[in-house]
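Structure first, commentary second.
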Amino acid sequence: MKTIRSFSAGLALTFVVTGCNRSEEKTPPIAPVPAAAPAPAKTELPPGHPPLKTELPAGHPPIDMSQQTLPANTLSDAANPTWEVPAGWQPGKPSSMRRATYIVKGADDKTAELAVTVFPGDVGGLVANVNRWRGQLGLPPATPEEIAKFTTELTVAGAPSTLVEFTNPQTGQRMAVVTAPHAGSSWFYKLTGPAAVVEATKADLVKFVQSTKF
């Protein structure tokens with residue numbers, strides 16, 4: 001009987017030890033759950049800033065973005081002509097894209113800037129050029145019929161040329177541009193500034209352009 005009790009006690013102890021060993025077995029590690037990607041930061045406008053509009057107003061003509069930039073490789077190696085610079089015009093900041101820059105002073109210390117550039121070919125033609133300039137002034141594109149209403153024909157260095165004028169009534173900025181072809185290139189004389197200064201300078205602009213000698 002004593003032997004049986006000892007055997008039973010030993011068997012019970014074996015079960016207890018075995019159970020303890022199983023309970024102490026390591027649980028397989030749980031793979032960490034990847035953190036959710038942070039939400040993109042929301043761009044907030046300054047207080048009182050009007051909402052940004054991504055659509056054109058109703059009735060606005062479509063904008064051809066191909067007319068807003070010049071094609072690649074449009075710099076011309078044409079030699080500079082000579083000009084008769086009107087009195088009071090001051091040389092402006094030079095630029096690699098410009099052949100000349102002048103600052104014109106008007107009333108109340110307001111100024112306009114004249115930029116002279118040249119490109120090979122016709123750079124897309126008159127309509128494309130005018131609409132690119134209108135875009136620079138914050139105006140929508142114009143049709144060929146509309147463009148004809150604000151152009152004037154000139155003669156520069158014996159070649160038919162064109163003077164284009166338009167104003168942004170909201171900003172009060174005006175642009176007057178003379179485009180003159182010569183030897184396969186197009187010369188542009190672009191005067192930009194307050195409407196009153198540009199209008200008062202137009203006669204000098206025409207004299208300056210027509211004094212060009214290649």
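FYI, nothing fancy with the structure tokens labels: chains A, B, ... in order, residues from 1 per chain, ligands from 1 as they appear.
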Give the strand (DSSP E or B) residues of stretch 82-118 of chain A, as DSSP finds them on the backbone, and put them as a PyMOL selection string.
chain A and resi 82+90-91+100-105+111-118
Can you check which parts of stretch 111-212 of chain A lie within 9 Å of stretch 78-83 of chain A? Per residue, the shortest pair of atoms and distance in Å to one decimal, counting only C-alpha atoms, sorted by chain and number, as CSV.
residue,atom,partner,partner_atom,distance
A:Val118,CA,A:Ala78,CA,7.7
A:Phe119,CA,A:Ala78,CA,8.5
A:Pro120,CA,A:Ala78,CA,8.5
A:Ala183,CA,A:Ala78,CA,8.5
A:Ser185,CA,A:Ala78,CA,7.6
A:Phe208,CA,A:Trp83,CA,6.4
A:Val209,CA,A:Trp83,CA,7.4
A:Gln210,CA,A:Trp83,CA,8.4
A:Ser211,CA,A:Trp83,CA,5.4
A:Thr212,CA,A:Trp83,CA,4.9
Next, the residues of the selection above should be written as a short mmCIF file (atom, residue, chain, number, x, y, z; two decimals), in the first residue's frame with N, CA and C atoms.
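Wrote out.cif, looks like this:
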data_model
loop_
_atom_site.label_atom_id
_atom_site.label_comp_id
_atom_site.auth_asym_id
_atom_site.auth_seq_id
_atom_site.Cartn_x
_atom_site.Cartn_y
_atom_site.Cartn_z
N VAL A 118 14.40 89.58 -78.67
CA VAL A 118 14.38 89.08 -80.04
C VAL A 118 14.40 87.56 -80.02
N PHE A 119 13.61 86.96 -80.91
CA PHE A 119 13.51 85.50 -81.00
C PHE A 119 13.45 85.10 -82.47
N PRO A 120 13.95 83.93 -82.80
CA PRO A 120 13.89 83.47 -84.19
C PRO A 120 12.46 83.15 -84.61
N ALA A 183 15.05 89.85 -90.78
CA ALA A 183 16.01 88.79 -91.12
C ALA A 183 15.68 87.46 -90.46
N SER A 185 13.90 86.90 -87.78
CA SER A 185 13.66 86.98 -86.34
C SER A 185 12.56 87.99 -86.05
N PHE A 208 11.12 105.66 -80.79
CA PHE A 208 12.26 104.81 -80.45
C PHE A 208 12.33 103.60 -81.37
N VAL A 209 11.22 102.94 -81.53
CA VAL A 209 11.19 101.73 -82.37
C VAL A 209 11.50 102.07 -83.83
N GLN A 210 10.93 103.13 -84.33
CA GLN A 210 11.13 103.49 -85.73
C GLN A 210 12.51 104.08 -86.00
N SER A 211 13.26 104.36 -84.93
CA SER A 211 14.65 104.81 -85.11
C SER A 211 15.61 103.64 -85.24
N THR A 212 15.08 102.41 -85.14
CA THR A 212 15.93 101.21 -85.22
C THR A 212 16.64 101.13 -86.55
#
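Residue neighbourhood of A:Lys110, excluding near-sequence residues (fewer than 6 positions): Ile103, Val104, Gln173, Thr192, Gly193, Pro194, Ala195, Ala196, Val197, Val198 and Ala200 of chain A, at 12 Å, using only C-alpha atoms.
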Judged by only C-alpha atoms, the minimum distance to A:Val178 among A:Gln136, A:Thr117, A:Asn131, A:Gln90 is found for A:Thr117
Set the distance at 12 Å and use only C-alpha atoms: which residues neighbour A:Leu163 once local chain neighbours fewer than 3 positions away are removed? I'd like the list as a VMD selection string. chain A and resid 126 130 147 to 156 160 166 175 to 180 187 to 191 202 to 203 205 to 206 209 to 210
Okay, now the selection with N, CA and C atoms, as a short mmCIF file (atom, residue, chain, number, x, y, z; two decimals), in the first residue's frame?
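Produced file result_28.cif, reproduced below:
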data_model
loop_
_atom_site.label_atom_id
_atom_site.label_comp_id
_atom_site.auth_asym_id
_atom_site.auth_seq_id
_atom_site.Cartn_x
_atom_site.Cartn_y
_atom_site.Cartn_z
N LEU A 126 1.12 86.27 -84.24
CA LEU A 126 0.61 87.43 -83.50
C LEU A 126 -0.40 87.04 -82.43
N VAL A 130 0.20 87.80 -78.53
CA VAL A 130 -0.67 88.74 -77.82
C VAL A 130 -1.31 88.07 -76.61
N ILE A 147 -8.41 91.00 -81.15
CA ILE A 147 -7.05 91.53 -81.22
C ILE A 147 -6.95 92.61 -82.29
N ALA A 148 -7.66 92.43 -83.38
CA ALA A 148 -7.61 93.41 -84.47
C ALA A 148 -8.09 94.79 -84.02
N LYS A 149 -8.90 94.83 -82.95
CA LYS A 149 -9.45 96.11 -82.47
C LYS A 149 -8.45 96.92 -81.68
N PHE A 150 -7.38 96.27 -81.16
CA PHE A 150 -6.40 97.05 -80.39
C PHE A 150 -4.99 96.92 -80.97
N THR A 151 -4.91 96.82 -82.30
CA THR A 151 -3.62 96.81 -82.98
C THR A 151 -3.54 97.96 -83.98
N THR A 152 -2.30 98.42 -84.19
CA THR A 152 -2.03 99.48 -85.16
C THR A 152 -0.84 99.05 -86.01
N GLU A 153 -0.95 99.27 -87.32
CA GLU A 153 0.13 98.89 -88.21
C GLU A 153 1.19 99.99 -88.28
N LEU A 154 2.47 99.59 -88.22
CA LEU A 154 3.60 100.50 -88.28
C LEU A 154 4.60 99.98 -89.32
N THR A 155 5.60 100.81 -89.59
CA THR A 155 6.73 100.37 -90.42
C THR A 155 8.00 100.58 -89.62
N VAL A 156 8.77 99.52 -89.43
CA VAL A 156 10.01 99.58 -88.68
C VAL A 156 11.13 99.04 -89.56
N PRO A 160 6.77 95.87 -92.42
CA PRO A 160 5.49 96.03 -91.75
C PRO A 160 5.57 95.49 -90.32
N PHE A 166 -3.21 97.13 -74.67
CA PHE A 166 -4.36 96.71 -73.87
C PHE A 166 -4.09 97.02 -72.40
N MET A 175 -0.14 97.65 -71.24
CA MET A 175 0.99 97.15 -72.00
C MET A 175 0.87 97.63 -73.44
N ALA A 176 1.99 98.10 -73.97
CA ALA A 176 2.07 98.48 -75.38
C ALA A 176 3.28 97.77 -75.95
N VAL A 177 3.05 96.96 -76.97
CA VAL A 177 4.12 96.14 -77.54
C VAL A 177 4.18 96.36 -79.04
N VAL A 178 5.38 96.62 -79.53
CA VAL A 178 5.62 96.67 -80.97
C VAL A 178 6.36 95.41 -81.35
N THR A 179 5.84 94.68 -82.32
CA THR A 179 6.52 93.49 -82.84
C THR A 179 6.98 93.79 -84.25
N ALA A 180 8.31 93.65 -84.46
CA ALA A 180 8.91 94.02 -85.75
C ALA A 180 9.76 92.87 -86.28
N TRP A 187 11.52 91.01 -83.38
CA TRP A 187 11.93 91.92 -82.32
C TRP A 187 10.69 92.42 -81.60
N PHE A 188 10.73 92.39 -80.26
CA PHE A 188 9.60 92.84 -79.46
C PHE A 188 10.05 93.98 -78.55
N TYR A 189 9.29 95.08 -78.61
CA TYR A 189 9.53 96.25 -77.76
C TYR A 189 8.32 96.36 -76.83
N LYS A 190 8.46 95.91 -75.60
CA LYS A 190 7.30 95.79 -74.71
C LYS A 190 7.39 96.80 -73.58
N LEU A 191 6.43 97.71 -73.54
CA LEU A 191 6.35 98.75 -72.51
C LEU A 191 5.22 98.38 -71.55
N LYS A 202 3.64 106.49 -75.22
CA LYS A 202 3.43 105.76 -76.48
C LYS A 202 4.10 106.45 -77.66
N ALA A 203 4.00 107.77 -77.75
CA ALA A 203 4.59 108.47 -78.88
C ALA A 203 6.11 108.30 -78.89
N LEU A 205 7.68 105.79 -77.55
CA LEU A 205 7.92 104.38 -77.87
C LEU A 205 7.96 104.17 -79.38
N VAL A 206 7.01 104.75 -80.08
CA VAL A 206 6.96 104.60 -81.54
C VAL A 206 8.18 105.23 -82.18
N VAL A 209 11.22 102.94 -81.53
CA VAL A 209 11.19 101.73 -82.37
C VAL A 209 11.50 102.07 -83.83
N GLN A 210 10.93 103.13 -84.33
CA GLN A 210 11.13 103.49 -85.73
C GLN A 210 12.51 104.08 -86.00
#
- Extract, using only C-alpha atoms, all DNA, RNA and protein residues at most 7 Å from stretch 97-101 of chain A, discarding same-chain residues fewer than 5 positions from it, and format them as a VMD selection string. chain A and resid 91 to 92 114 to 117
With C-alpha atoms kept, could you save the residues just selected as a PDB file, in the first residue's frame?
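Wrote it out as result-v4.pdb, contents follow:
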ATOM      1  CA  PRO A  91      18.863 102.073 -68.517  1.00  0.00           C
ATOM      2  CA  GLY A  92      17.213  99.345 -66.474  1.00  0.00           C
ATOM      3  CA  LEU A 114      10.522  98.922 -71.676  1.00  0.00           C
ATOM      4  CA  ALA A 115      12.019  95.512 -72.512  1.00  0.00           C
ATOM      5  CA  VAL A 116      13.531  94.746 -75.918  1.00  0.00           C
ATOM      6  CA  THR A 117      13.794  91.068 -76.861  1.00  0.00           C
TER       7      THR A 117
END
Atom pair atom CA of A:Gly125 + atom CA of A:Ala142, distance 13.6 Å
Between atom CA of A:Pro144 and atom CA of A:Asn168, what is the distance in Å, rounded to a tenth?
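These atoms are spaced 18.4 Å apart.
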Notebook entry, point to check: Quick one, how far is atom CA of A:Ala157 from atom CA of A:Gly135?
Noted result: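 These two atoms are separated by 28.9 Å.
Of the listed residues (A:Leu137, A:Thr201, A:Lys213, A:Gly124), A:Thr201 comes nearest to A:Ala107; the distances count only C-alpha atoms.
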Nearest to A:Thr162: which of A:Asn129, A:Asp109, A:Ser76, A:Val85 is it, counting only C-alpha atoms?
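Among the listed residues, A:Asn129 lies closest to A:Thr162.
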